[in-house]
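Shown next, in structure tokens, is the structure this report addresses.
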Amino acid sequence: MEITPGTAAAPGSAAVDAAPCIGVFDSGLGGLTVLAALRRRLPHARLLYAADSAFAPYGERDAAYVQERSRLLTRFLLAQGAQLIVVACNTATALAIAELRAEWPGLPFVGIEPAIKPALAARAEADGPVGVLATSATLASGRFRALLAQHGGGARVVLQACPGLVEAIETRGPQAPRTLELLRRFCLPLRDAGCTRVVLGCTHYPLLADAIRDVLGDAVRLLDPADAVAAQAERLARALPPQARGGAGLQAWSNGEAALLLRVAAACALPIEGVLALPQESPEAA
Ligand code: DGL
């Protein structure tokens with residue numbers, strides 16, 4: 001799958017002295033697309049991944065729910081030794097990263113936001129409108145509205161929420177007929193509007209890149225900021241103190257179906273060998 005921008009870093013390019021320990025979380029499988037970019041940029045880091053599949057989708061929940069889940073996952077990753085947290089979820093970044101930063105002022109966080117700026121910056125007059133696929137919660141968030149107001153500059157942007165799509169990926173998988181049927185439904189308005197660039201505003205959607213091209217045509221440019229997120233994590237990792245425990249490697253925890261996670265990880269070329277159980281306590285019980 002070819003997605004732009006996404007210039008892969010040369011493996012081993014990071015001048016990180018000791019193996020940093022980076023915690024990554026998402027509402028489920030989507031953050032694996034970010035984990036893959038982190039792995040390319042930081043092949044010698046220790047990467048910890050938490051998939052909150054039992055509590056997905058975040059994109060159809062309120063801010064308090066997403067903030068509580070994000071707090072729990074951050075606490076969990078810190079307990080495993082994470083020194084830096086990558087919020088590999090657009091919805092959690094939009095609704096919760098400010099609260100996380102307030103709760104852990106000394107801890108570096110990297111979030112992910114829809115790639116509105118690069119999509120609009122490189123746009124030529126002749127280009128069609130820019131399409132944005134994202135969760136309902138991301139599109140409704142103040143953070144997204146501010147991003148659009150800052151970089152939109154009067155350009156035509158077609159916003160498309162995708163209710164049910166993350167749930168379909170989490171319960172049936174990215175290639176399931178129901179997932180592809182829903183995806184097609186959400187892509188048709190972008191095709192009808194003549195969108196030539198589409199911002200993938202949810203980390204689950206790059207898993208569907210080929211299917212999106214099937215609907216929108218091979219000429220469409222899909223914008224996924226995963227590599228930019230990994231580059232920022234790489235910069236921040238340079239400042240981390242050497243880690244006493246653990247070496248490089250990849251460890252995953254999930255409260256969902258481990259077999260599906262392993263399948264999606266393999267499709268992302270992530271060598272995850274096993275998946276441990278992520279505690280399932282509800283936000284209320286925390
Ligand atoms: N991967 C999450 C995102 O980037 C999905 C949110 C959800 O669970 O609905 O927004």
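All residue names refer to the structure tokens as shown: chains lettered A, B, ... in order, residues numbered from 1 in each chain, ligands numbered from 1 in order.
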Residue contacts of Gly23 in chain A (10 Å, only C-alpha atoms) excluding same-chain residues fewer than 3 positions away, as number ranges by chain: A: 20, 35, 46-50, 73-74, 76-78, 80-88, 109, 251-252
Any chance you could tabulate, as a tab-separated table, the residues of chain A at most 9 Å from ligand 1 with each one's nearest atom pair and distance in Å to one decimal, using only C-alpha atoms and all ligand atoms, in chain and rising number order?
residue	atom	partner	partner_atom_place_in_ligand_line	distance
A:Asp26	CA	ligand 1	1 (N)	5.8
A:Ser27	CA	ligand 1	8 (O)	4.7
A:Gly28	CA	ligand 1	8 (O)	6.7
A:Leu29	CA	ligand 1	1 (N)	7.2
A:Gly30	CA	ligand 1	1 (N)	4.5
A:Gly31	CA	ligand 1	1 (N)	6.0
A:Asp52	CA	ligand 1	8 (O)	8.6
A:Ser53	CA	ligand 1	8 (O)	8.0
A:Phe55	CA	ligand 1	8 (O)	7.9
A:Ala56	CA	ligand 1	8 (O)	4.6
A:Pro57	CA	ligand 1	8 (O)	3.3
A:Tyr58	CA	ligand 1	8 (O)	3.7
A:Gly59	CA	ligand 1	9 (O)	3.3
A:Glu60	CA	ligand 1	9 (O)	6.1
A:Arg61	CA	ligand 1	9 (O)	8.0
A:Val87	CA	ligand 1	4 (O)	9.0
A:Ala88	CA	ligand 1	4 (O)	6.6
A:Cys89	CA	ligand 1	4 (O)	3.5
A:Asn90	CA	ligand 1	4 (O)	3.7
A:Thr91	CA	ligand 1	10 (O)	3.9
A:Ala92	CA	ligand 1	10 (O)	6.6
A:Thr93	CA	ligand 1	10 (O)	8.1
A:Ala94	CA	ligand 1	10 (O)	8.5
A:Ile112	CA	ligand 1	4 (O)	7.7
A:Glu113	CA	ligand 1	4 (O)	8.3
A:Pro114	CA	ligand 1	4 (O)	8.8
A:Ala134	CA	ligand 1	10 (O)	6.7
A:Thr135	CA	ligand 1	9 (O)	5.8
A:Ser136	CA	ligand 1	9 (O)	8.1
A:Ala137	CA	ligand 1	9 (O)	7.8
A:Thr138	CA	ligand 1	10 (O)	6.8
A:Cys162	CA	ligand 1	9 (O)	8.9
A:Pro163	CA	ligand 1	9 (O)	8.0
A:Gly164	CA	ligand 1	9 (O)	8.2
A:Leu165	CA	ligand 1	9 (O)	8.0
A:Val166	CA	ligand 1	9 (O)	5.4
A:Glu167	CA	ligand 1	9 (O)	7.3
A:Glu170	CA	ligand 1	8 (O)	8.9
A:Leu200	CA	ligand 1	4 (O)	8.8
A:Gly201	CA	ligand 1	4 (O)	6.4
A:Cys202	CA	ligand 1	4 (O)	3.3
A:Thr203	CA	ligand 1	4 (O)	4.0
A:His204	CA	ligand 1	1 (N)	4.8
A:Tyr205	CA	ligand 1	1 (N)	7.8
Those in range 89-235 of chain A with alpha helix (DSSP H) from DSSP, as a VMD selection string: chain A and resid 90 to 103 116 to 121 136 to 140 142 to 151 165 to 172 177 to 192 209 to 216 226 to 235
Contacts of range 190-195 of chain A within 6 Å, only C-alpha atoms, excl. fewer than 3 positions in-chain, as a ChimeraX atom specification: /A:128-131,187,216
For the selection just defined, write its residues with N, CA and C atoms to a file, as an mmCIF file, in the first residue's frame.
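Resulting contents of again-v1.cif:
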data_model
loop_
_atom_site.group_PDB
_atom_site.id
_atom_site.type_symbol
_atom_site.label_atom_id
_atom_site.label_comp_id
_atom_site.auth_asym_id
_atom_site.auth_seq_id
_atom_site.Cartn_x
_atom_site.Cartn_y
_atom_site.Cartn_z
ATOM 1 N N GLY A 128 -9.115 18.786 -6.834
ATOM 2 C CA GLY A 128 -10.460 18.755 -6.289
ATOM 3 C C GLY A 128 -10.421 19.052 -4.808
ATOM 4 N N PRO A 129 -11.579 18.988 -4.156
ATOM 5 C CA PRO A 129 -11.593 19.231 -2.714
ATOM 6 C C PRO A 129 -10.819 18.172 -1.944
ATOM 7 N N VAL A 130 -10.477 18.517 -0.725
ATOM 8 C CA VAL A 130 -9.801 17.568 0.162
ATOM 9 C C VAL A 130 -10.875 16.846 0.978
ATOM 10 N N GLY A 131 -10.800 15.535 1.002
ATOM 11 C CA GLY A 131 -11.733 14.763 1.812
ATOM 12 C C GLY A 131 -11.097 14.409 3.140
ATOM 13 N N CYS A 187 -17.003 6.334 1.481
ATOM 14 C CA CYS A 187 -16.110 6.903 0.455
ATOM 15 C C CYS A 187 -16.889 7.491 -0.734
ATOM 16 N N LEU A 216 -12.034 5.106 -4.697
ATOM 17 C CA LEU A 216 -11.703 6.476 -5.130
ATOM 18 C C LEU A 216 -10.749 6.531 -6.324
#
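Atom to atom, CA of Ser70 in chain A and CA of Cys21 in chain A stand 18.3 Å apart.
The gap separating CA of Arg172 in chain A from CA of Asp224 in chain A is 23.0 Å, in Å to one decimal.
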Out of range 51-176 of chain A, which residues get strand (DSSP E) from DSSP, as a PyMOL selection string? chain A and resi 51+84-87+109-110+130-134+157-161
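Between CA of Ala37 in chain A and CA of Val157 in chain A there is a distance of 26.9 Å.
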